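Trainee: My structure file target-v2.cif, mmCIF, N, CA and C atoms, is below:
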```
data_work
loop_
_atom_site.label_atom_id
_atom_site.label_comp_id
_atom_site.auth_asym_id
_atom_site.auth_seq_id
_atom_site.Cartn_x
_atom_site.Cartn_y
_atom_site.Cartn_z
N MET A 1 101.77 106.31 133.17
CA MET A 1 102.44 106.36 134.45
C MET A 1 103.37 105.15 134.57
N ALA A 2 104.63 105.40 134.82
CA ALA A 2 105.61 104.32 134.94
C ALA A 2 105.50 103.68 136.32
N ILE A 3 105.55 102.36 136.32
CA ILE A 3 105.49 101.61 137.58
C ILE A 3 106.91 101.36 138.04
N SER A 4 107.18 101.63 139.31
CA SER A 4 108.54 101.45 139.81
C SER A 4 108.78 100.00 140.21
N GLN A 5 110.04 99.65 140.21
CA GLN A 5 110.45 98.30 140.61
C GLN A 5 110.05 98.04 142.06
N GLU A 6 110.19 99.03 142.90
CA GLU A 6 109.84 98.88 144.32
C GLU A 6 108.35 98.61 144.51
N SER A 7 107.50 99.32 143.77
CA SER A 7 106.06 99.12 143.92
C SER A 7 105.65 97.73 143.43
N LEU A 8 106.26 97.24 142.35
CA LEU A 8 105.97 95.89 141.87
C LEU A 8 106.40 94.84 142.90
N GLU A 9 107.60 95.01 143.45
CA GLU A 9 108.09 94.07 144.46
C GLU A 9 107.20 94.07 145.70
N LYS A 10 106.72 95.25 146.09
CA LYS A 10 105.86 95.36 147.26
C LYS A 10 104.53 94.65 147.00
N ARG A 11 103.96 94.83 145.81
CA ARG A 11 102.69 94.17 145.48
C ARG A 11 102.86 92.65 145.44
N ILE A 12 103.99 92.17 144.92
CA ILE A 12 104.25 90.73 144.87
C ILE A 12 104.38 90.17 146.29
N GLN A 13 105.08 90.89 147.17
CA GLN A 13 105.19 90.44 148.57
C GLN A 13 103.83 90.39 149.24
N ASN A 14 102.98 91.36 148.93
CA ASN A 14 101.62 91.37 149.48
C ASN A 14 100.84 90.14 149.00
N ILE A 15 100.98 89.78 147.74
CA ILE A 15 100.30 88.60 147.19
C ILE A 15 100.81 87.34 147.89
N LYS A 16 102.12 87.23 148.08
CA LYS A 16 102.68 86.06 148.76
C LYS A 16 102.11 85.93 150.18
N HIS A 17 101.98 87.07 150.85
CA HIS A 17 101.41 87.06 152.21
C HIS A 17 99.96 86.59 152.17
N GLN A 18 99.18 87.09 151.22
CA GLN A 18 97.77 86.70 151.11
C GLN A 18 97.64 85.20 150.82
N ILE A 19 98.52 84.66 149.99
CA ILE A 19 98.47 83.24 149.67
C ILE A 19 98.72 82.41 150.93
N GLY A 20 99.67 82.85 151.74
CA GLY A 20 99.98 82.14 152.98
C GLY A 20 98.83 82.14 153.98
N GLU A 21 97.92 83.08 153.87
CA GLU A 21 96.80 83.22 154.80
C GLU A 21 95.52 82.54 154.32
N LEU A 22 95.53 81.92 153.16
CA LEU A 22 94.29 81.42 152.55
C LEU A 22 93.60 80.30 153.32
N GLY A 23 94.31 79.34 153.80
CA GLY A 23 93.67 78.19 154.45
C GLY A 23 93.50 77.04 153.47
N ASP A 24 92.56 76.14 153.79
CA ASP A 24 92.36 74.95 152.97
C ASP A 24 91.82 75.31 151.59
N LEU A 25 92.27 74.53 150.61
CA LEU A 25 91.91 74.77 149.21
C LEU A 25 91.22 73.54 148.63
N ARG A 26 90.30 73.78 147.73
CA ARG A 26 89.66 72.67 147.02
C ARG A 26 89.25 73.18 145.64
N PRO A 27 89.78 72.54 144.58
CA PRO A 27 89.36 72.93 143.23
C PRO A 27 88.01 72.29 142.91
N GLY A 28 87.29 72.89 141.99
CA GLY A 28 86.06 72.26 141.52
C GLY A 28 84.87 73.19 141.52
N ALA A 29 83.73 72.57 141.21
CA ALA A 29 82.46 73.29 141.17
C ALA A 29 81.43 72.49 141.96
N LEU A 30 80.65 73.21 142.72
CA LEU A 30 79.63 72.59 143.56
C LEU A 30 78.29 72.66 142.85
N SER A 31 77.57 71.55 142.87
CA SER A 31 76.23 71.54 142.27
C SER A 31 75.24 70.91 143.23
N LYS A 32 73.97 71.28 143.03
CA LYS A 32 72.89 70.73 143.83
C LYS A 32 72.11 69.77 142.93
N GLN A 33 71.92 68.53 143.39
CA GLN A 33 71.28 67.50 142.58
C GLN A 33 70.01 67.00 143.26
N TYR A 34 69.05 66.62 142.43
CA TYR A 34 67.84 65.94 142.89
C TYR A 34 67.74 64.64 142.11
N ASN A 35 67.38 63.56 142.79
CA ASN A 35 67.36 62.25 142.14
C ASN A 35 65.97 61.63 142.15
N ILE A 36 65.80 60.69 141.25
CA ILE A 36 64.61 59.86 141.17
C ILE A 36 65.06 58.43 141.47
N CYS A 37 64.37 57.77 142.39
CA CYS A 37 64.78 56.42 142.77
C CYS A 37 64.08 55.38 141.88
N GLY A 38 64.27 54.12 142.20
CA GLY A 38 63.71 53.04 141.39
C GLY A 38 62.41 52.46 141.94
N SER A 39 61.95 52.93 143.09
CA SER A 39 60.71 52.40 143.67
C SER A 39 59.50 52.88 142.87
N PRO A 40 58.62 51.97 142.45
CA PRO A 40 57.49 52.39 141.62
C PRO A 40 56.44 53.21 142.36
N ASN A 41 56.29 53.04 143.66
CA ASN A 41 55.26 53.76 144.41
C ASN A 41 55.82 54.96 145.18
N CYS A 42 57.01 55.40 144.86
CA CYS A 42 57.66 56.51 145.59
C CYS A 42 57.09 57.86 145.15
N ARG A 43 57.24 58.85 146.02
CA ARG A 43 56.79 60.22 145.72
C ARG A 43 57.50 60.83 144.53
N CYS A 44 58.71 60.32 144.21
CA CYS A 44 59.45 60.87 143.07
C CYS A 44 58.85 60.43 141.73
N LYS A 45 57.91 59.45 141.77
CA LYS A 45 57.23 58.99 140.55
C LYS A 45 55.85 59.63 140.39
N ALA A 46 55.44 60.41 141.38
CA ALA A 46 54.11 61.03 141.35
C ALA A 46 54.05 62.11 140.27
N THR A 47 52.85 62.61 140.05
CA THR A 47 52.66 63.70 139.09
C THR A 47 52.14 64.89 139.87
N PRO A 48 52.83 65.96 139.99
CA PRO A 48 54.22 66.20 139.61
C PRO A 48 55.17 65.49 140.58
N PRO A 49 56.34 65.12 140.10
CA PRO A 49 57.27 64.37 140.95
C PRO A 49 57.88 65.24 142.05
N ILE A 50 58.07 64.62 143.19
CA ILE A 50 58.78 65.27 144.31
C ILE A 50 60.08 64.48 144.45
N LYS A 51 61.13 65.04 143.86
CA LYS A 51 62.41 64.31 143.79
C LYS A 51 63.12 64.28 145.14
N HIS A 52 64.00 63.31 145.28
CA HIS A 52 64.82 63.16 146.48
C HIS A 52 65.96 64.18 146.42
N GLY A 53 66.25 64.75 147.54
CA GLY A 53 67.36 65.69 147.57
C GLY A 53 67.00 66.92 148.36
N PRO A 54 67.79 67.92 148.35
CA PRO A 54 68.95 68.07 147.46
C PRO A 54 70.17 67.31 147.97
N TYR A 55 70.98 66.89 147.01
CA TYR A 55 72.28 66.29 147.28
C TYR A 55 73.32 67.22 146.66
N TYR A 56 74.37 67.45 147.39
CA TYR A 56 75.42 68.34 146.89
C TYR A 56 76.58 67.51 146.39
N GLN A 57 77.10 67.94 145.26
CA GLN A 57 78.18 67.19 144.63
C GLN A 57 79.24 68.18 144.13
N ILE A 58 80.49 67.82 144.33
CA ILE A 58 81.59 68.64 143.83
C ILE A 58 82.25 67.88 142.68
N SER A 59 82.45 68.58 141.57
CA SER A 59 83.10 67.99 140.39
C SER A 59 84.40 68.75 140.14
N PHE A 60 85.45 68.01 139.81
CA PHE A 60 86.75 68.64 139.57
C PHE A 60 87.59 67.76 138.66
N THR A 61 88.61 68.37 138.08
CA THR A 61 89.58 67.66 137.26
C THR A 61 90.95 67.93 137.87
N ARG A 62 91.68 66.87 138.13
CA ARG A 62 93.02 66.99 138.74
C ARG A 62 93.94 66.05 138.00
N HIS A 63 95.04 66.60 137.50
CA HIS A 63 96.03 65.84 136.73
C HIS A 63 95.38 65.12 135.56
N GLY A 64 94.45 65.81 134.90
CA GLY A 64 93.82 65.26 133.71
C GLY A 64 92.72 64.25 133.98
N LYS A 65 92.40 64.00 135.23
CA LYS A 65 91.38 63.01 135.57
C LYS A 65 90.18 63.71 136.22
N SER A 66 89.01 63.52 135.62
CA SER A 66 87.79 64.11 136.17
C SER A 66 87.24 63.23 137.28
N SER A 67 86.68 63.89 138.28
CA SER A 67 86.14 63.15 139.41
C SER A 67 85.01 63.96 140.03
N SER A 68 84.17 63.28 140.81
CA SER A 68 83.13 63.98 141.56
C SER A 68 82.94 63.29 142.90
N GLN A 69 82.51 64.07 143.87
CA GLN A 69 82.30 63.55 145.22
C GLN A 69 81.03 64.18 145.78
N PHE A 70 80.29 63.39 146.53
CA PHE A 70 79.13 63.93 147.23
C PHE A 70 79.63 64.67 148.47
N VAL A 71 78.91 65.72 148.83
CA VAL A 71 79.25 66.54 149.99
C VAL A 71 78.06 66.50 150.94
N ARG A 72 78.32 66.17 152.19
CA ARG A 72 77.26 66.16 153.20
C ARG A 72 76.81 67.59 153.49
N GLU A 73 75.57 67.72 153.81
CA GLU A 73 75.02 69.04 154.06
C GLU A 73 75.71 69.74 155.23
N GLU A 74 76.13 68.98 156.24
CA GLU A 74 76.82 69.59 157.38
C GLU A 74 78.23 70.08 157.01
N ASP A 75 78.79 69.58 155.90
CA ASP A 75 80.12 70.00 155.44
C ASP A 75 80.05 71.09 154.38
N LEU A 76 78.86 71.48 153.99
CA LEU A 76 78.66 72.38 152.86
C LEU A 76 79.36 73.73 153.04
N ASP A 77 79.23 74.36 154.20
CA ASP A 77 79.84 75.68 154.42
C ASP A 77 81.36 75.61 154.32
N GLU A 78 81.95 74.57 154.90
CA GLU A 78 83.40 74.41 154.87
C GLU A 78 83.90 74.17 153.44
N VAL A 79 83.19 73.33 152.69
CA VAL A 79 83.58 73.04 151.30
C VAL A 79 83.45 74.30 150.44
N GLN A 80 82.39 75.08 150.65
CA GLN A 80 82.23 76.32 149.89
C GLN A 80 83.37 77.29 150.18
N GLN A 81 83.82 77.35 151.44
CA GLN A 81 84.96 78.21 151.78
C GLN A 81 86.24 77.73 151.10
N GLN A 82 86.44 76.42 151.06
CA GLN A 82 87.61 75.85 150.39
C GLN A 82 87.60 76.15 148.90
N LEU A 83 86.43 76.07 148.29
CA LEU A 83 86.29 76.41 146.86
C LEU A 83 86.61 77.88 146.62
N GLU A 84 86.10 78.74 147.50
CA GLU A 84 86.37 80.18 147.37
C GLU A 84 87.86 80.47 147.58
N ASN A 85 88.48 79.79 148.54
CA ASN A 85 89.93 79.96 148.75
C ASN A 85 90.71 79.57 147.51
N TYR A 86 90.30 78.49 146.86
CA TYR A 86 90.99 78.04 145.65
C TYR A 86 90.82 79.06 144.51
N ARG A 87 89.60 79.57 144.34
CA ARG A 87 89.38 80.60 143.31
C ARG A 87 90.23 81.84 143.59
N HIS A 88 90.30 82.22 144.86
CA HIS A 88 91.11 83.38 145.24
C HIS A 88 92.60 83.11 144.97
N LEU A 89 93.05 81.89 145.27
CA LEU A 89 94.44 81.51 144.98
C LEU A 89 94.75 81.67 143.50
N ARG A 90 93.86 81.17 142.66
CA ARG A 90 94.08 81.26 141.21
C ARG A 90 94.16 82.71 140.76
N GLN A 91 93.31 83.56 141.32
CA GLN A 91 93.32 84.98 140.97
C GLN A 91 94.62 85.63 141.43
N LEU A 92 95.07 85.29 142.65
CA LEU A 92 96.31 85.86 143.17
C LEU A 92 97.52 85.40 142.36
N VAL A 93 97.56 84.12 142.00
CA VAL A 93 98.68 83.60 141.21
C VAL A 93 98.70 84.27 139.83
N ASP A 94 97.54 84.47 139.23
CA ASP A 94 97.47 85.13 137.94
C ASP A 94 98.01 86.56 138.04
N GLU A 95 97.63 87.27 139.08
CA GLU A 95 98.14 88.63 139.30
C GLU A 95 99.65 88.62 139.55
N TRP A 96 100.12 87.63 140.31
CA TRP A 96 101.54 87.49 140.61
C TRP A 96 102.33 87.30 139.31
N ILE A 97 101.83 86.46 138.43
CA ILE A 97 102.50 86.21 137.15
C ILE A 97 102.56 87.48 136.32
N THR A 98 101.47 88.22 136.27
CA THR A 98 101.43 89.48 135.51
C THR A 98 102.46 90.47 136.07
N LEU A 99 102.46 90.62 137.39
CA LEU A 99 103.40 91.56 138.03
C LEU A 99 104.85 91.10 137.84
N SER A 100 105.09 89.80 137.91
CA SER A 100 106.45 89.29 137.73
C SER A 100 106.96 89.53 136.31
N ALA A 101 106.08 89.38 135.33
CA ALA A 101 106.47 89.66 133.95
C ALA A 101 106.82 91.14 133.78
N GLN A 102 106.02 92.02 134.38
CA GLN A 102 106.32 93.45 134.33
C GLN A 102 107.64 93.76 135.02
N LEU A 103 107.86 93.15 136.18
CA LEU A 103 109.09 93.37 136.94
C LEU A 103 110.30 92.88 136.16
N SER A 104 110.17 91.72 135.53
CA SER A 104 111.26 91.18 134.74
C SER A 104 111.60 92.10 133.57
N SER A 105 110.59 92.59 132.88
CA SER A 105 110.82 93.52 131.77
C SER A 105 111.50 94.80 132.25
N LEU A 106 111.05 95.29 133.38
CA LEU A 106 111.63 96.51 133.95
C LEU A 106 113.10 96.29 134.32
N ARG A 107 113.40 95.15 134.92
CA ARG A 107 114.79 94.86 135.30
C ARG A 107 115.69 94.69 134.07
N LEU A 108 115.18 94.01 133.04
CA LEU A 108 115.98 93.85 131.82
C LEU A 108 116.23 95.19 131.15
N ARG A 109 115.21 96.04 131.12
CA ARG A 109 115.36 97.37 130.53
C ARG A 109 116.41 98.18 131.30
N GLU A 110 116.35 98.10 132.63
CA GLU A 110 117.32 98.82 133.47
C GLU A 110 118.73 98.27 133.26
N LYS A 111 118.85 96.97 133.14
CA LYS A 111 120.16 96.34 132.92
C LYS A 111 120.75 96.80 131.59
N ARG A 112 119.92 96.85 130.55
CA ARG A 112 120.41 97.33 129.24
C ARG A 112 120.81 98.79 129.32
N ARG A 113 120.04 99.59 130.04
CA ARG A 113 120.35 101.01 130.18
C ARG A 113 121.68 101.20 130.89
N GLU A 114 121.91 100.44 131.96
CA GLU A 114 123.17 100.55 132.70
C GLU A 114 124.35 100.10 131.84
N ALA A 115 124.16 99.02 131.09
CA ALA A 115 125.25 98.54 130.21
C ALA A 115 125.55 99.56 129.12
N ARG A 116 124.52 100.17 128.58
CA ARG A 116 124.71 101.18 127.53
C ARG A 116 125.43 102.40 128.08
N ASP A 117 125.11 102.77 129.31
CA ASP A 117 125.76 103.94 129.91
C ASP A 117 127.23 103.66 130.24
N GLN A 118 127.57 102.41 130.51
CA GLN A 118 128.95 102.08 130.87
C GLN A 118 129.86 101.93 129.66
N ILE A 119 129.30 101.61 128.52
CA ILE A 119 130.11 101.42 127.31
C ILE A 119 130.49 102.77 126.74
N LYS A 120 131.77 102.95 126.52
CA LYS A 120 132.24 104.16 125.87
C LYS A 120 132.55 103.80 124.44
N ARG A 121 131.82 104.37 123.55
CA ARG A 121 131.98 104.05 122.15
C ARG A 121 133.15 104.84 121.57
N PRO A 122 134.08 104.13 120.92
CA PRO A 122 135.20 104.85 120.31
C PRO A 122 134.72 105.66 119.10
N LYS A 123 135.37 106.79 118.91
CA LYS A 123 135.00 107.62 117.78
C LYS A 123 135.53 106.99 116.50
N SER A 124 134.77 107.15 115.46
CA SER A 124 135.15 106.58 114.18
C SER A 124 136.34 107.36 113.62
N ARG A 125 137.26 106.64 112.98
CA ARG A 125 138.43 107.29 112.38
C ARG A 125 138.14 107.75 110.96
N ILE A 126 137.01 107.33 110.44
CA ILE A 126 136.63 107.73 109.09
C ILE A 126 135.88 109.04 109.18
N PRO A 127 136.27 110.04 108.41
CA PRO A 127 135.57 111.33 108.45
C PRO A 127 134.09 111.15 108.06
N LYS A 128 133.22 111.99 108.63
CA LYS A 128 131.79 111.87 108.40
C LYS A 128 131.42 111.96 106.92
N GLN A 129 132.07 112.84 106.17
CA GLN A 129 131.67 113.03 104.78
C GLN A 129 131.97 111.82 103.91
N THR A 130 132.89 110.94 104.30
CA THR A 130 133.20 109.77 103.48
C THR A 130 132.71 108.47 104.10
N ARG A 131 132.01 108.57 105.21
CA ARG A 131 131.55 107.38 105.90
C ARG A 131 130.48 106.62 105.13
N HIS A 132 129.57 107.31 104.48
CA HIS A 132 128.44 106.69 103.79
C HIS A 132 128.70 106.67 102.29
N VAL A 133 128.55 105.50 101.74
CA VAL A 133 128.69 105.37 100.29
C VAL A 133 127.29 105.41 99.72
N GLY A 134 127.06 106.25 98.75
CA GLY A 134 125.74 106.35 98.16
C GLY A 134 125.64 107.63 97.35
N ALA A 135 124.41 108.11 97.19
CA ALA A 135 124.17 109.29 96.36
C ALA A 135 124.87 110.53 96.91
N GLU A 136 124.96 110.64 98.22
CA GLU A 136 125.59 111.83 98.78
C GLU A 136 127.11 111.80 98.70
N PHE A 137 127.69 110.62 98.46
CA PHE A 137 129.15 110.50 98.35
C PHE A 137 129.56 110.73 96.91
N GLN A 138 130.42 111.67 96.73
CA GLN A 138 130.95 111.94 95.39
C GLN A 138 132.45 112.14 95.52
N SER A 139 133.18 111.47 94.67
CA SER A 139 134.62 111.66 94.66
C SER A 139 134.98 112.62 93.55
N HIS A 140 135.64 113.68 93.89
CA HIS A 140 136.04 114.67 92.90
C HIS A 140 137.43 114.37 92.35
N ASP A 141 138.10 113.39 92.94
CA ASP A 141 139.44 113.06 92.48
C ASP A 141 139.42 112.26 91.18
N TYR A 142 138.36 111.54 90.95
CA TYR A 142 138.31 110.66 89.79
C TYR A 142 137.13 111.05 88.91
N ALA A 143 137.32 111.15 87.65
CA ALA A 143 136.24 111.42 86.73
C ALA A 143 135.81 110.09 86.10
N TRP A 144 134.54 109.95 85.92
CA TRP A 144 134.03 108.72 85.34
C TRP A 144 134.32 108.69 83.86
N GLN A 145 134.85 107.54 83.44
CA GLN A 145 135.12 107.36 82.01
C GLN A 145 134.60 106.00 81.60
N PRO A 146 133.95 105.93 80.45
CA PRO A 146 133.45 104.64 79.99
C PRO A 146 134.58 103.70 79.62
N CYS A 147 134.32 102.41 79.77
CA CYS A 147 135.34 101.42 79.39
C CYS A 147 135.49 101.34 77.89
N LYS A 148 136.70 101.09 77.41
CA LYS A 148 136.94 100.99 75.99
C LYS A 148 137.02 99.58 75.54
#
```
Could you express the structure from this file as structure tokens?
Mentor:
Amino acid sequence: MAISQESLEKRIQNIKHQIGELGDLRPGALSKQYNICGSPNCRCKATPPIKHGPYYQISFTRHGKSSSQFVREEDLDEVQQQLENYRHLRQLVDEWITLSAQLSSLRLREKRREARDQIKRPKSRIPKQTRHVGAEFQSHDYAWQPCK
């Protein structure tokens, strides 16, 4: 099934609209951590240990630099929404790139088709029977003679 230029453009416009509606973005991954402290008589040193936590931490890489930040429990829902918005943005941009490549190919193909239709090729002045030199071309005017 051939995809029309109009349908590709419409899908790209829809993606642009969705991107504009996303809200706050945050790259990274959220993890839940439990820690052991340095106090010798703490519950985290017991058998079995009862570790401190949970502590939430977001890890990300931006401009080649890795970083991590602790996230307060009261901010957890908002940070998770920002992470989801960022994942959705990446998915939308990837789809946009795919559709744009298809649209570009379609436009180039159409441009070549229009140029081909506009060019009027002049007819060859050489008759068809003598146009190709090879096994099918035979000259009856000259007989082959070996060199002396």
Trainee: Would you mind listing what lies within 8 Å of range 81-96 of chain A as a list in words, with all atoms listed in the file counted and same-chain residues fewer than 3 positions away left out?
Mentor: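 Final neighbour list, sorted by chain and number: Arg11, Ile12, Ile15, Lys16, Gln18, Ile19, Leu22, Gly23, Asp24, Leu25, Arg26, Pro27, Gly28, Ala29, Leu30, Asp75, Leu76, Asp77, Glu78, Leu99, Ser100, Ala101 and Gln102 of chain A.
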Trainee: Write out as a PyMOL selection string all residues of chain A that DSSP puts in helix (DSSP H, G or I) for this structure's backbone.
Mentor: chain A and resi 5-20+43-45+73-118+128-131
Trainee: Can you list, as a ChimeraX atom specification, every residue of chain A that DSSP puts in strand (DSSP E)?
Mentor: /A:29-35,52-62,65-71
Trainee: Give me, as a short mmCIF file (atom, residue, chain, number, x, y, z; two decimals) with N, CA and C atoms, in the coordinates of the input, all polymer residues having an atom no more than 7 Å from range 51-63 of chain A, counting only N, CA and C atoms and skipping those fewer than 5 positions away in the same chain.
Mentor:
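Resulting contents of out.cif:
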```cif
data_model
loop_
_atom_site.label_atom_id
_atom_site.label_comp_id
_atom_site.auth_asym_id
_atom_site.auth_seq_id
_atom_site.Cartn_x
_atom_site.Cartn_y
_atom_site.Cartn_z
N PRO A 27 89.78 72.54 144.58
CA PRO A 27 89.36 72.93 143.23
C PRO A 27 88.01 72.29 142.91
N GLY A 28 87.29 72.89 141.99
CA GLY A 28 86.06 72.26 141.52
C GLY A 28 84.87 73.19 141.52
N ALA A 29 83.73 72.57 141.21
CA ALA A 29 82.46 73.29 141.17
C ALA A 29 81.43 72.49 141.96
N LEU A 30 80.65 73.21 142.72
CA LEU A 30 79.63 72.59 143.56
C LEU A 30 78.29 72.66 142.85
N SER A 31 77.57 71.55 142.87
CA SER A 31 76.23 71.54 142.27
C SER A 31 75.24 70.91 143.23
N LYS A 32 73.97 71.28 143.03
CA LYS A 32 72.89 70.73 143.83
C LYS A 32 72.11 69.77 142.93
N GLN A 33 71.92 68.53 143.39
CA GLN A 33 71.28 67.50 142.58
C GLN A 33 70.01 67.00 143.26
N TYR A 34 69.05 66.62 142.43
CA TYR A 34 67.84 65.94 142.89
C TYR A 34 67.74 64.64 142.11
N ASN A 35 67.38 63.56 142.79
CA ASN A 35 67.36 62.25 142.14
C ASN A 35 65.97 61.63 142.15
N ILE A 36 65.80 60.69 141.25
CA ILE A 36 64.61 59.86 141.17
C ILE A 36 65.06 58.43 141.47
N CYS A 37 64.37 57.77 142.39
CA CYS A 37 64.78 56.42 142.77
C CYS A 37 64.08 55.38 141.88
N ARG A 43 57.24 58.85 146.02
CA ARG A 43 56.79 60.22 145.72
C ARG A 43 57.50 60.83 144.53
N CYS A 44 58.71 60.32 144.21
CA CYS A 44 59.45 60.87 143.07
C CYS A 44 58.85 60.43 141.73
N LYS A 45 57.91 59.45 141.77
CA LYS A 45 57.23 58.99 140.55
C LYS A 45 55.85 59.63 140.39
N SER A 68 84.17 63.28 140.81
CA SER A 68 83.13 63.98 141.56
C SER A 68 82.94 63.29 142.90
N GLN A 69 82.51 64.07 143.87
CA GLN A 69 82.30 63.55 145.22
C GLN A 69 81.03 64.18 145.78
N PHE A 70 80.29 63.39 146.53
CA PHE A 70 79.13 63.93 147.23
C PHE A 70 79.63 64.67 148.47
N VAL A 71 78.91 65.72 148.83
CA VAL A 71 79.25 66.54 149.99
C VAL A 71 78.06 66.50 150.94
N ARG A 72 78.32 66.17 152.19
CA ARG A 72 77.26 66.16 153.20
C ARG A 72 76.81 67.59 153.49
N GLU A 73 75.57 67.72 153.81
CA GLU A 73 75.02 69.04 154.06
C GLU A 73 75.71 69.74 155.23
#
```
Trainee: What does the structure give for the distance between atom N of Leu8 in chain A and CA of Ile97 in chain A, in Å to one decimal?
Mentor: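 Going from atom N of Leu8 in chain A over to CA of Ile97 in chain A covers 12.8 Å.
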